[in-house]
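Down below is the structure, laid out as structure tokens.
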Amino acid sequence: MASATEPEAELDLLSKKNSTSVIWKYFGFETTDVQQKQVLCRTCRTKVATKTGNTTNLYRHLKNHHKHLHEECMSKKSGEKSSESDAQAHCSKQSTITESFTSVTPYDSGSKRHREITAAITHYIARDMVPVNTVTKSGFQKLIGTLDRRYVIPSRTYFNQVAIPQLYTECREKVVTELKNVQYYATTTDMWSSRTTEPYLSLTVHFVNEDFEMKSRCLQTAYFPTDHTAENIAQGLKESLSSWGLREEDQTCITTDNAANVIKAVELNDWTRLQCFGHRLHLAIENAVKDDARVKRATGLCKQIVGVFSHSWKKKTALKKAQQEFNLPEHSLITECATRWGSRQKMIERVLEQKKALSQVLSEDKKTRHLVPTWQDTDVLESINNAIGPLQEFTDALSGEACVSVSYLKPVLYLLRTTTLTENVEDTDLTKEVKSKALAYIEDKYSDPATQELLDITSFLDPRFKTDYISAENVPDIKEKVQMQMEQVACLSTTEEGLS
């Protein structure tokens, strides 16, 4: 009887006006309820209290009293949402003919977007020093096409002859503008050869800007094909400063290595010269160990060991297993670079660190068994490491360009003389010998009165040191010279302001 009366009951109720929700298929209103205020269940005629537009009680009524109808309602509701989502997705995929063509039309070479991407690629080539022909590689082109398919990469010739020179011009103009406000500056220079043995002369300027920030700008690495005579180098350095609008009289100091032709070139220009501390330290250590047969044998053995493990994948694998067995750090061996003393010390330090693992791997092969370090070799390597190891941190501290480093030299020389290179009771004879020779070499090279005066003045001007590392008898003279130079600077500034 219930199933027969339910359809009849449903016919007596009116549907909710202007409603599309599936829930209203199960509820309605009396025909006399013109304002549709009292909701009735079409199935059981129960009155359900609801607020205007709120259907929560309607769903709850179906769930509590007509579970099969509730399941049916929720199923229909889910189907409607899916249909709406599909319709919206379909509509969102539709695009106009104009939009379709625009999405595949290449950018005009003069458009803002094209210029931005081209500038970014140019900056990437210059900043990361990658070959210009990178733009012709299929992988790079696919990457750019994936990021923006409307962008067409210009030719390699364009980047080589137009984009990169233009970037250089823009960068140069910025540096020139920056240097116009520089009153005093220092420089560093060096001569070197490329991998193709082409000679170059580099020049870097260091200065303090108006915000009292230390700045360094590499002005050039210029091709220098002429003979490397002192006269040619002197003229090349003069032309370099002139091309950047820098006056020679505003240069406080130039730092160089110890090449005889470079030293003479600076003397010809009558410039104040300061020797590179890192290079000087390298020569001091080389001088301290160069004539010792024990050191020559031990360091030569280290090079041979590094060579064996550098050219054999089998040996590398065996070394890794041995490192795990002895609970050693899984570090690779370090190759020495002839021009960097720190690399030798690091090579020795790493061989000592991995001595147990290296000895085990080398002894397993009769062809390399002779390379196992003896106790004498180990003693020599430890003596060298104890002597020059602490010097590494000085090189690191003085190799940065984030702060003025010349004022550090006086304190560093003091620390070398009183702490780092002093002979200790536990030092071996070889360690003492290396320390003694290295210290004597460094002190001799910095004994020049003009150099000592420069170091005293810079140390005095540094608020961290002041007169702490200056001989008491030299303090009055240094103060007088600093005061005199400050008065000269003030007078010069006043004159320039009057002329302007």
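Letters A, B, ... mark the chains of the structure tokens in the order given; residue numbers begin at 1 per chain; ligand numbers begin at 1, in order shown.
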| Which residues, written as a count of residues only, have at least one atom at most 10 Å from Gln275 in chain A, with only C-alpha atoms counted and residues fewer than 4 positions away on the same chain left out? | 12
I'd like the contact shell of His70 in chain A - 12 Å cut-off, only C-alpha atoms, skipping same-chain residues fewer than 6 positions apart - returned as a PDB file with N, CA and C atoms, in the first residue's frame.
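Produced file result-v1.pdb, reproduced below:
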ATOM      1  N   VAL A  22      19.045  19.068  -6.455  1.00  0.00           N
ATOM      2  CA  VAL A  22      18.446  17.744  -6.547  1.00  0.00           C
ATOM      3  C   VAL A  22      17.635  17.396  -5.297  1.00  0.00           C
ATOM      4  N   ILE A  23      17.901  18.014  -4.170  1.00  0.00           N
ATOM      5  CA  ILE A  23      17.222  17.683  -2.920  1.00  0.00           C
ATOM      6  C   ILE A  23      15.736  18.009  -2.983  1.00  0.00           C
ATOM      7  N   LYS A  25      13.690  17.398  -5.209  1.00  0.00           N
ATOM      8  CA  LYS A  25      12.888  16.348  -5.849  1.00  0.00           C
ATOM      9  C   LYS A  25      12.213  15.470  -4.792  1.00  0.00           C
ATOM     10  N   TYR A  26      12.661  15.587  -3.542  1.00  0.00           N
ATOM     11  CA  TYR A  26      12.131  14.747  -2.459  1.00  0.00           C
ATOM     12  C   TYR A  26      11.299  15.560  -1.465  1.00  0.00           C
ATOM     13  N   THR A  43       7.646  11.767   0.732  1.00  0.00           N
ATOM     14  CA  THR A  43       7.481  10.346   1.046  1.00  0.00           C
ATOM     15  C   THR A  43       6.598  10.126   2.275  1.00  0.00           C
ATOM     16  N   LEU A  58      17.068  19.093   5.327  1.00  0.00           N
ATOM     17  CA  LEU A  58      16.440  18.223   4.320  1.00  0.00           C
ATOM     18  C   LEU A  58      17.281  16.983   4.092  1.00  0.00           C
ATOM     19  N   TYR A  59      18.617  17.167   3.960  1.00  0.00           N
ATOM     20  CA  TYR A  59      19.519  16.017   3.777  1.00  0.00           C
ATOM     21  C   TYR A  59      19.523  15.142   5.032  1.00  0.00           C
ATOM     22  N   ARG A  60      19.480  15.787   6.195  1.00  0.00           N
ATOM     23  CA  ARG A  60      19.503  15.021   7.431  1.00  0.00           C
ATOM     24  C   ARG A  60      18.213  14.170   7.572  1.00  0.00           C
ATOM     25  N   HIS A  61      17.078  14.733   7.130  1.00  0.00           N
ATOM     26  CA  HIS A  61      15.813  13.990   7.200  1.00  0.00           C
ATOM     27  C   HIS A  61      15.857  12.741   6.314  1.00  0.00           C
ATOM     28  N   LEU A  62      16.374  12.889   5.101  1.00  0.00           N
ATOM     29  CA  LEU A  62      16.483  11.722   4.212  1.00  0.00           C
ATOM     30  C   LEU A  62      17.423  10.681   4.809  1.00  0.00           C
ATOM     31  N   LYS A  63      18.524  11.125   5.359  1.00  0.00           N
ATOM     32  CA  LYS A  63      19.517  10.193   5.886  1.00  0.00           C
ATOM     33  C   LYS A  63      18.973   9.418   7.089  1.00  0.00           C
ATOM     34  N   ASN A  64      18.154  10.088   7.921  1.00  0.00           N
ATOM     35  CA  ASN A  64      17.646   9.440   9.132  1.00  0.00           C
ATOM     36  C   ASN A  64      16.395   8.587   8.893  1.00  0.00           C
ATOM     37  N   LYS A  76      22.847  11.327  -7.363  1.00  0.00           N
ATOM     38  CA  LYS A  76      22.455  12.308  -8.379  1.00  0.00           C
ATOM     39  C   LYS A  76      23.241  13.610  -8.213  1.00  0.00           C
ATOM     40  N   LYS A  77      23.451  14.020  -6.949  1.00  0.00           N
ATOM     41  CA  LYS A  77      24.196  15.254  -6.684  1.00  0.00           C
ATOM     42  C   LYS A  77      25.634  15.162  -7.193  1.00  0.00           C
TER      43      LYS A  77
END
| Of the residues A:Leu333, A:Thr252, A:Gln304, A:Leu492, which is the one nearest to Trp271 in chain A, using only C-alpha atoms? | A:Thr252
| request: List every residue of range 217-423 of chain A that DSSP, applied to the backbone of this structure, places in alpha helix (DSSP H), and write the result as number ranges by chain. | output: A: 230-243, 260-269, 277-289, 293-310, 313-325, 341-353, 355-363, 375-388, 392-398, 409-415
Could you please take those selected residues and save C-alpha atoms as a compact mmCIF listing (two decimals), in the first residue's frame?
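Saved file selection_2.txt follows:
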# COMPACT_ATOMS: atom_id res chain seq x y z
CA ALA A 230 109.54 46.21 -18.26
CA GLU A 231 109.11 49.18 -20.62
CA ASN A 232 106.21 47.58 -22.51
CA ILE A 233 104.47 46.48 -19.31
CA ALA A 234 104.89 49.94 -17.77
CA GLN A 235 103.36 51.56 -20.84
CA GLY A 236 100.54 48.99 -20.93
CA LEU A 237 99.62 49.71 -17.30
CA LYS A 238 99.62 53.46 -17.93
CA GLU A 239 97.33 53.06 -20.94
CA SER A 240 95.01 50.81 -18.95
CA LEU A 241 94.49 53.43 -16.23
CA SER A 242 94.05 56.18 -18.78
CA SER A 243 91.42 54.24 -20.74
CA ALA A 260 111.45 41.00 -12.25
CA ASN A 261 109.95 42.65 -15.33
CA VAL A 262 106.79 43.64 -13.45
CA ILE A 263 108.76 45.03 -10.50
CA LYS A 264 110.88 47.11 -12.85
CA ALA A 265 107.79 48.29 -14.75
CA VAL A 266 106.30 49.66 -11.52
CA GLU A 267 109.59 51.38 -10.72
CA LEU A 268 109.63 52.98 -14.19
CA ASN A 269 106.16 54.39 -13.56
CA PHE A 277 101.37 38.18 0.40
CA GLY A 278 99.98 34.91 -0.95
CA HIS A 279 102.68 34.74 -3.62
CA ARG A 280 105.33 35.74 -1.12
CA LEU A 281 104.20 33.02 1.29
CA HIS A 282 104.27 30.47 -1.54
CA LEU A 283 107.88 31.38 -2.33
CA ALA A 284 108.83 31.29 1.36
CA ILE A 285 107.58 27.72 1.72
CA GLU A 286 109.15 26.64 -1.56
CA ASN A 287 112.45 28.09 -0.37
CA ALA A 288 112.17 26.31 2.99
CA VAL A 289 111.82 22.80 1.51
CA ALA A 293 116.01 15.26 -0.14
CA ARG A 294 113.64 13.84 2.51
CA VAL A 295 110.92 16.30 1.58
CA LYS A 296 111.46 15.71 -2.12
CA ARG A 297 111.05 11.95 -1.69
CA ALA A 298 107.98 12.19 0.57
CA THR A 299 106.10 14.73 -1.57
CA GLY A 300 107.04 12.80 -4.70
CA LEU A 301 105.58 9.66 -3.14
CA CYS A 302 102.34 11.54 -2.41
CA LYS A 303 102.09 12.60 -6.06
CA GLN A 304 102.60 9.00 -7.22
CA ILE A 305 99.90 7.74 -4.83
CA VAL A 306 97.45 10.38 -6.02
CA GLY A 307 98.27 9.48 -9.63
CA VAL A 308 97.54 5.77 -9.04
CA PHE A 309 94.11 6.44 -7.57
CA SER A 310 93.30 9.15 -10.12
CA TRP A 313 88.52 3.14 -11.11
CA LYS A 314 89.27 -0.22 -9.50
CA LYS A 315 91.62 1.43 -7.01
CA LYS A 316 89.03 4.13 -6.24
CA THR A 317 86.41 1.48 -5.49
CA ALA A 318 88.83 -0.44 -3.28
CA LEU A 319 89.75 2.78 -1.45
CA LYS A 320 86.11 3.50 -0.69
CA LYS A 321 85.64 0.04 0.81
CA ALA A 322 88.79 0.45 2.90
CA GLN A 323 87.59 3.85 4.14
CA GLN A 324 84.35 2.26 5.31
CA GLU A 325 86.25 -0.57 6.97
CA TRP A 341 101.41 25.99 -2.13
CA GLY A 342 98.14 25.35 -0.34
CA SER A 343 97.35 22.49 -2.69
CA ARG A 344 100.55 20.69 -1.65
CA GLN A 345 99.69 21.04 2.01
CA LYS A 346 96.15 19.79 1.37
CA MET A 347 97.51 16.84 -0.63
CA ILE A 348 99.83 15.88 2.24
CA GLU A 349 97.11 16.35 4.83
CA ARG A 350 94.69 14.13 2.89
CA VAL A 351 97.28 11.36 2.40
CA LEU A 352 97.97 11.37 6.16
CA GLU A 353 94.25 11.27 6.88
CA LYS A 355 97.04 6.51 5.39
CA LYS A 356 95.51 3.27 6.72
CA ALA A 357 93.11 2.85 3.80
CA LEU A 358 95.77 3.78 1.23
CA SER A 359 98.31 1.36 2.70
CA GLN A 360 95.81 -1.51 2.63
CA VAL A 361 94.80 -0.95 -1.01
CA LEU A 362 98.35 -0.39 -2.23
CA SER A 363 99.74 -3.44 -0.44
CA TRP A 375 107.41 5.28 8.84
CA GLN A 376 110.20 7.63 7.72
CA ASP A 377 107.99 9.02 4.95
CA THR A 378 105.14 9.45 7.40
CA ASP A 379 107.36 11.33 9.83
CA VAL A 380 108.50 13.69 7.07
CA LEU A 381 104.94 14.34 5.87
CA GLU A 382 103.73 14.99 9.40
CA SER A 383 106.64 17.37 10.01
CA ILE A 384 105.83 19.32 6.86
CA ASN A 385 102.13 19.42 7.65
CA ASN A 386 102.77 20.63 11.19
CA ALA A 387 104.98 23.43 9.86
CA ILE A 388 102.89 24.79 6.99
CA GLN A 392 96.61 28.02 5.28
CA GLU A 393 94.19 30.16 7.29
CA PHE A 394 96.34 33.26 6.77
CA THR A 395 96.19 32.81 3.02
CA ASP A 396 92.41 32.37 3.14
CA ALA A 397 91.99 35.50 5.26
CA LEU A 398 94.19 37.66 3.03
CA LEU A 409 99.86 42.40 7.09
CA LYS A 410 101.53 43.96 10.11
CA PRO A 411 99.49 41.86 12.60
CA VAL A 412 99.97 38.73 10.47
CA LEU A 413 103.73 39.20 10.32
CA TYR A 414 103.72 39.62 14.09
CA LEU A 415 101.71 36.43 14.59
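Of the residues in range 247-328 of chain A, those that DSSP places in strand (DSSP E) on the basis of the backbone are Gln251, Thr252, Cys253, Ile254, Thr255, Thr256, Arg273, Leu274 and Gln275 of chain A.
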Next, the residues of the selection above should be written as a PDB file, in the first residue's frame with N, CA and C atoms.
ATOM      1  N   GLN A 251      96.373  56.922  -7.432  1.00  0.00           N
ATOM      2  CA  GLN A 251      96.634  55.513  -7.097  1.00  0.00           C
ATOM      3  C   GLN A 251      97.538  55.446  -5.876  1.00  0.00           C
ATOM      4  N   THR A 252      97.057  54.819  -4.823  1.00  0.00           N
ATOM      5  CA  THR A 252      97.838  54.748  -3.587  1.00  0.00           C
ATOM      6  C   THR A 252      98.876  53.643  -3.617  1.00  0.00           C
ATOM      7  N   CYS A 253      98.557  52.548  -4.330  1.00  0.00           N
ATOM      8  CA  CYS A 253      99.449  51.388  -4.305  1.00  0.00           C
ATOM      9  C   CYS A 253      99.039  50.408  -5.400  1.00  0.00           C
ATOM     10  N   ILE A 254      99.993  49.660  -5.906  1.00  0.00           N
ATOM     11  CA  ILE A 254      99.706  48.575  -6.843  1.00  0.00           C
ATOM     12  C   ILE A 254     100.326  47.296  -6.305  1.00  0.00           C
ATOM     13  N   THR A 255      99.566  46.221  -6.279  1.00  0.00           N
ATOM     14  CA  THR A 255     100.046  44.931  -5.763  1.00  0.00           C
ATOM     15  C   THR A 255     100.389  44.024  -6.937  1.00  0.00           C
ATOM     16  N   THR A 256     101.564  43.418  -6.902  1.00  0.00           N
ATOM     17  CA  THR A 256     102.025  42.540  -7.986  1.00  0.00           C
ATOM     18  C   THR A 256     102.715  41.313  -7.390  1.00  0.00           C
ATOM     19  N   ARG A 273     104.615  50.209  -4.755  1.00  0.00           N
ATOM     20  CA  ARG A 273     104.320  48.791  -5.009  1.00  0.00           C
ATOM     21  C   ARG A 273     104.255  48.012  -3.699  1.00  0.00           C
ATOM     22  N   LEU A 274     103.291  47.080  -3.649  1.00  0.00           N
ATOM     23  CA  LEU A 274     103.195  46.155  -2.520  1.00  0.00           C
ATOM     24  C   LEU A 274     103.178  44.740  -3.073  1.00  0.00           C
ATOM     25  N   GLN A 275     103.997  43.884  -2.510  1.00  0.00           N
ATOM     26  CA  GLN A 275     104.070  42.510  -3.004  1.00  0.00           C
ATOM     27  C   GLN A 275     102.873  41.696  -2.530  1.00  0.00           C
TER      28      GLN A 275
END
